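Listing of structure_34.txt, compact mmCIF, C-alpha atoms
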# COMPACT_ATOMS: atom_id res chain seq x y z
CA MET A 238 64.53 -41.40 19.81
CA ASN A 239 62.88 -38.16 18.77
CA LYS A 240 60.02 -36.99 20.89
CA PRO A 241 57.00 -35.68 19.02
CA ASN A 242 56.67 -31.92 19.06
CA ASP A 243 52.98 -31.23 18.89
CA GLN A 244 53.26 -27.65 20.06
CA PHE A 245 51.08 -25.32 18.08
CA ASP A 246 52.35 -21.85 17.19
CA GLU A 247 49.28 -19.66 17.40
CA ARG A 248 51.00 -16.64 15.84
CA GLU A 249 52.15 -18.57 12.76
CA TRP A 250 48.74 -20.11 12.32
CA ARG A 251 47.07 -16.69 12.46
CA LEU A 252 49.56 -15.31 9.90
CA GLN A 253 48.85 -18.22 7.55
CA GLU A 254 45.09 -17.82 7.88
CA ARG A 255 45.31 -14.05 7.36
CA ALA A 256 47.44 -14.53 4.25
CA LEU A 257 44.98 -17.09 2.88
CA ARG A 258 41.99 -14.81 3.58
CA GLU A 259 43.67 -11.73 2.04
CA GLU A 260 44.71 -13.70 -1.02
CA ARG A 261 41.17 -15.03 -1.52
CA LEU A 262 39.75 -11.52 -1.24
CA HIS A 263 42.50 -10.11 -3.53
CA ALA A 264 43.27 -7.56 -0.82
CA ASP A 265 46.17 -5.14 -1.15
CA ASP A 266 49.44 -5.95 0.58
CA ALA A 267 49.24 -4.65 4.16
CA GLY A 268 53.00 -4.31 4.45
CA ASP A 269 53.53 -7.15 6.89
CA PRO A 270 56.50 -9.17 5.55
CA ASP A 271 55.39 -12.38 7.29
CA VAL A 272 51.93 -12.22 5.72
CA ALA A 273 53.50 -11.34 2.36
CA ALA A 274 55.69 -14.44 2.56
CA TYR A 275 52.69 -16.64 3.31
CA ARG A 276 50.72 -14.98 0.48
CA ARG A 277 53.50 -15.95 -1.93
CA ILE A 278 53.18 -19.52 -0.68
CA VAL A 279 49.39 -19.42 -1.16
CA ARG A 280 49.85 -18.15 -4.74
CA ALA A 281 52.43 -20.82 -5.49
CA LEU A 282 50.18 -23.56 -4.16
CA ARG A 283 47.27 -22.29 -6.23
CA GLU A 284 49.19 -22.57 -9.50
CA PRO A 285 49.04 -25.90 -11.31
CA LEU A 286 52.24 -27.88 -11.43
CA PRO A 287 54.13 -27.55 -14.68
CA ASP A 288 54.20 -30.60 -16.90
CA ALA A 289 57.23 -32.62 -15.96
CA LEU A 290 57.77 -34.01 -19.44
CA PRO A 291 57.13 -32.51 -22.86
CA ALA A 292 54.28 -33.95 -24.92
CA ASP A 293 56.61 -35.65 -27.39
CA PHE A 294 58.99 -37.07 -24.79
CA ALA A 295 58.40 -40.74 -25.65
CA LYS A 296 58.79 -40.05 -29.36
CA ALA A 297 62.05 -38.17 -28.79
CA VAL A 298 63.49 -40.91 -26.59
CA ALA A 299 62.52 -43.59 -29.12
CA ALA A 300 64.18 -41.60 -31.91
CA GLN A 301 67.32 -41.16 -29.83
CA ALA A 302 67.41 -44.87 -29.02
CA ALA A 303 67.01 -45.73 -32.71
CA ARG A 304 70.00 -43.54 -33.59
CA LEU A 305 72.31 -45.28 -31.12
CA PRO A 306 74.08 -48.39 -32.38
CA ALA A 307 73.05 -51.65 -30.76
CA ARG A 308 75.65 -52.89 -28.32
CA GLY A 309 76.41 -56.54 -28.76
CA GLU A 310 78.44 -58.80 -26.58
CA SER A 311 82.10 -58.00 -26.44
CA ALA A 312 84.77 -60.60 -27.07
CA LEU A 313 85.65 -60.54 -23.38
CA GLU A 314 82.08 -61.41 -22.40
CA ARG A 315 81.98 -64.31 -24.87
CA TRP A 316 85.28 -65.70 -23.55
CA LEU A 317 84.14 -65.34 -19.94
CA VAL A 318 80.90 -67.20 -20.67
CA ARG A 319 82.80 -69.95 -22.47
CA GLY A 320 85.18 -70.21 -19.52
CA LEU A 321 82.29 -70.51 -17.06
CA ILE A 322 80.64 -73.19 -19.18
CA ALA A 323 83.90 -75.11 -19.40
CA ALA A 324 84.45 -74.83 -15.63
CA PHE A 325 80.92 -76.08 -15.01
CA ALA A 326 81.36 -79.01 -17.40
CA VAL A 327 84.71 -80.00 -15.85
CA SER A 328 83.30 -79.82 -12.32
CA ALA A 329 80.24 -81.87 -13.34
CA LEU A 330 82.46 -84.53 -14.94
CA TYR A 331 84.69 -84.60 -11.85
CA PHE A 332 81.67 -85.00 -9.58
CA VAL A 333 80.21 -87.83 -11.67
CA ALA A 334 83.59 -89.59 -11.94
CA ASN A 335 84.29 -89.34 -8.20
CA ASP A 336 80.85 -90.35 -7.03
CA GLY A 337 80.35 -93.13 -9.53
CA GLY A 338 76.66 -92.54 -10.05
CA ALA A 339 75.72 -93.10 -6.41
CA TRP A 340 74.24 -89.59 -6.35
CA LEU A 341 71.76 -90.56 -9.09
CA HIS A 342 70.53 -93.61 -7.17
CA ALA A 343 70.26 -91.58 -3.97
CA SER A 344 68.30 -88.84 -5.77
CA LEU A 345 65.96 -91.32 -7.44
CA SER A 346 65.28 -93.04 -4.13
CA LEU A 347 63.89 -89.75 -2.79
CA LEU A 348 61.30 -89.56 -5.55
CA PRO A 349 58.01 -91.39 -5.15
CA ALA A 350 57.62 -94.51 -7.24
CA ALA A 351 56.22 -93.58 -10.63
CA ASP A 352 54.74 -95.80 -13.26
CA ALA A 353 55.66 -95.58 -16.93
CA SER A 354 52.47 -93.75 -17.95
CA ALA A 355 53.13 -90.93 -15.45
CA LEU A 356 56.69 -90.54 -16.70
CA ARG A 357 55.45 -90.56 -20.30
CA SER A 358 52.83 -87.86 -19.63
CA TRP A 359 55.34 -85.64 -17.80
CA GLY A 360 57.81 -86.16 -20.63
CA LEU A 361 55.16 -85.15 -23.16
CA ALA A 362 54.30 -82.06 -21.12
CA LEU A 363 57.96 -81.08 -20.92
CA GLY A 364 58.36 -81.64 -24.66
CA ALA A 365 55.27 -79.53 -25.38
CA CYS A 366 56.62 -76.68 -23.23
CA VAL A 367 59.99 -76.77 -24.97
CA ALA A 368 58.34 -76.88 -28.41
CA MET A 369 56.01 -73.96 -27.65
CA THR A 370 58.85 -71.89 -26.22
CA TRP A 371 60.89 -72.53 -29.35
CA ALA A 372 57.91 -71.78 -31.65
CA PHE A 373 57.02 -68.52 -29.93
CA GLY A 374 60.68 -67.51 -29.99
CA ARG A 375 60.77 -68.10 -33.74
CA LEU A 376 57.56 -66.12 -34.23
CA ARG A 377 59.03 -63.25 -32.25
CA VAL A 378 62.23 -63.26 -34.31
CA ASP A 379 60.27 -63.46 -37.57
CA ASN A 380 58.10 -60.55 -36.40
CA GLY A 381 61.07 -58.22 -35.94
CA GLY A 382 61.46 -58.75 -32.21
CA HIS A 383 57.94 -57.59 -31.37
CA ALA A 384 55.26 -59.54 -29.60
CA LEU A 385 52.54 -61.13 -31.67
CA ARG A 386 50.16 -58.60 -33.18
Here is the file; what I need is its structure written in the form of structure tokens.
Amino acid sequence: MNKPNDQFDEREWRLQERALREERLHADDAGDPDVAAYRRIVRALREPLPDALPADFAKAVAAQAARLPARGESALERWLVRGLIAAFAVSALYFVANDGGAWLHASLSLLPAADASALRSWGLALGACVAMTWAFGRLRVDNGGHALR
């Protein structure tokens, strides 16, 4: 573990203070190279930072992005996704065939007893969520991919 080094270098501190004072008073260079180095630091710290980005940076990036062709899915990606879906479907069918539906009864026994009206209201809520998701997706597509304005 590193031990803190709180030692104070009096000479360096005096050089820094002298450089700051001379720079504030616009005094001539006294010829001391250490003070001159600290005066350069004082001048550099007094200058405002340059702008990191040009004023039209966002516009230039948007124009560059518009010029690039849109990359769609490659054939390999489509085949991999289809393969994963097929593997999932086969494994689900295997699981259902092996277990014989006992998993469904075991899962339903963990749920609290629900009456028909509760199931109907949750079903309606789920249907409303799906319908709104679909509707907002259609609005977004019809609006050119932008959010509603």
If I take atom CA of A:Asp266 and atom CA of A:Glu254, how far is one from the other in Å, to one decimal?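 Interatomic distance, atom CA of A:Asp266 to atom CA of A:Glu254: 14.6 Å.
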Between A:Asp265, A:Glu260, A:Asp271, A:Asp352, single out the one closest to A:Arg248, counting all atoms listed in the file. A:Asp271
Could you work out how far atom CA of A:Leu305 lies from atom CA of A:Leu376, giving the answer in Å with one decimal? 25.7 Å
Between atom CA of A:Ala274 and atom CA of A:Leu257, what is the distance in Å, rounded to a tenth?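 Separating atom CA of A:Ala274 from atom CA of A:Leu257 is a distance of 11.0 Å.
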Best match for closeness to A:Arg255 among A:Ala355, A:Ala267, A:Val272, A:Val318, counting all atoms listed in the file: A:Val272
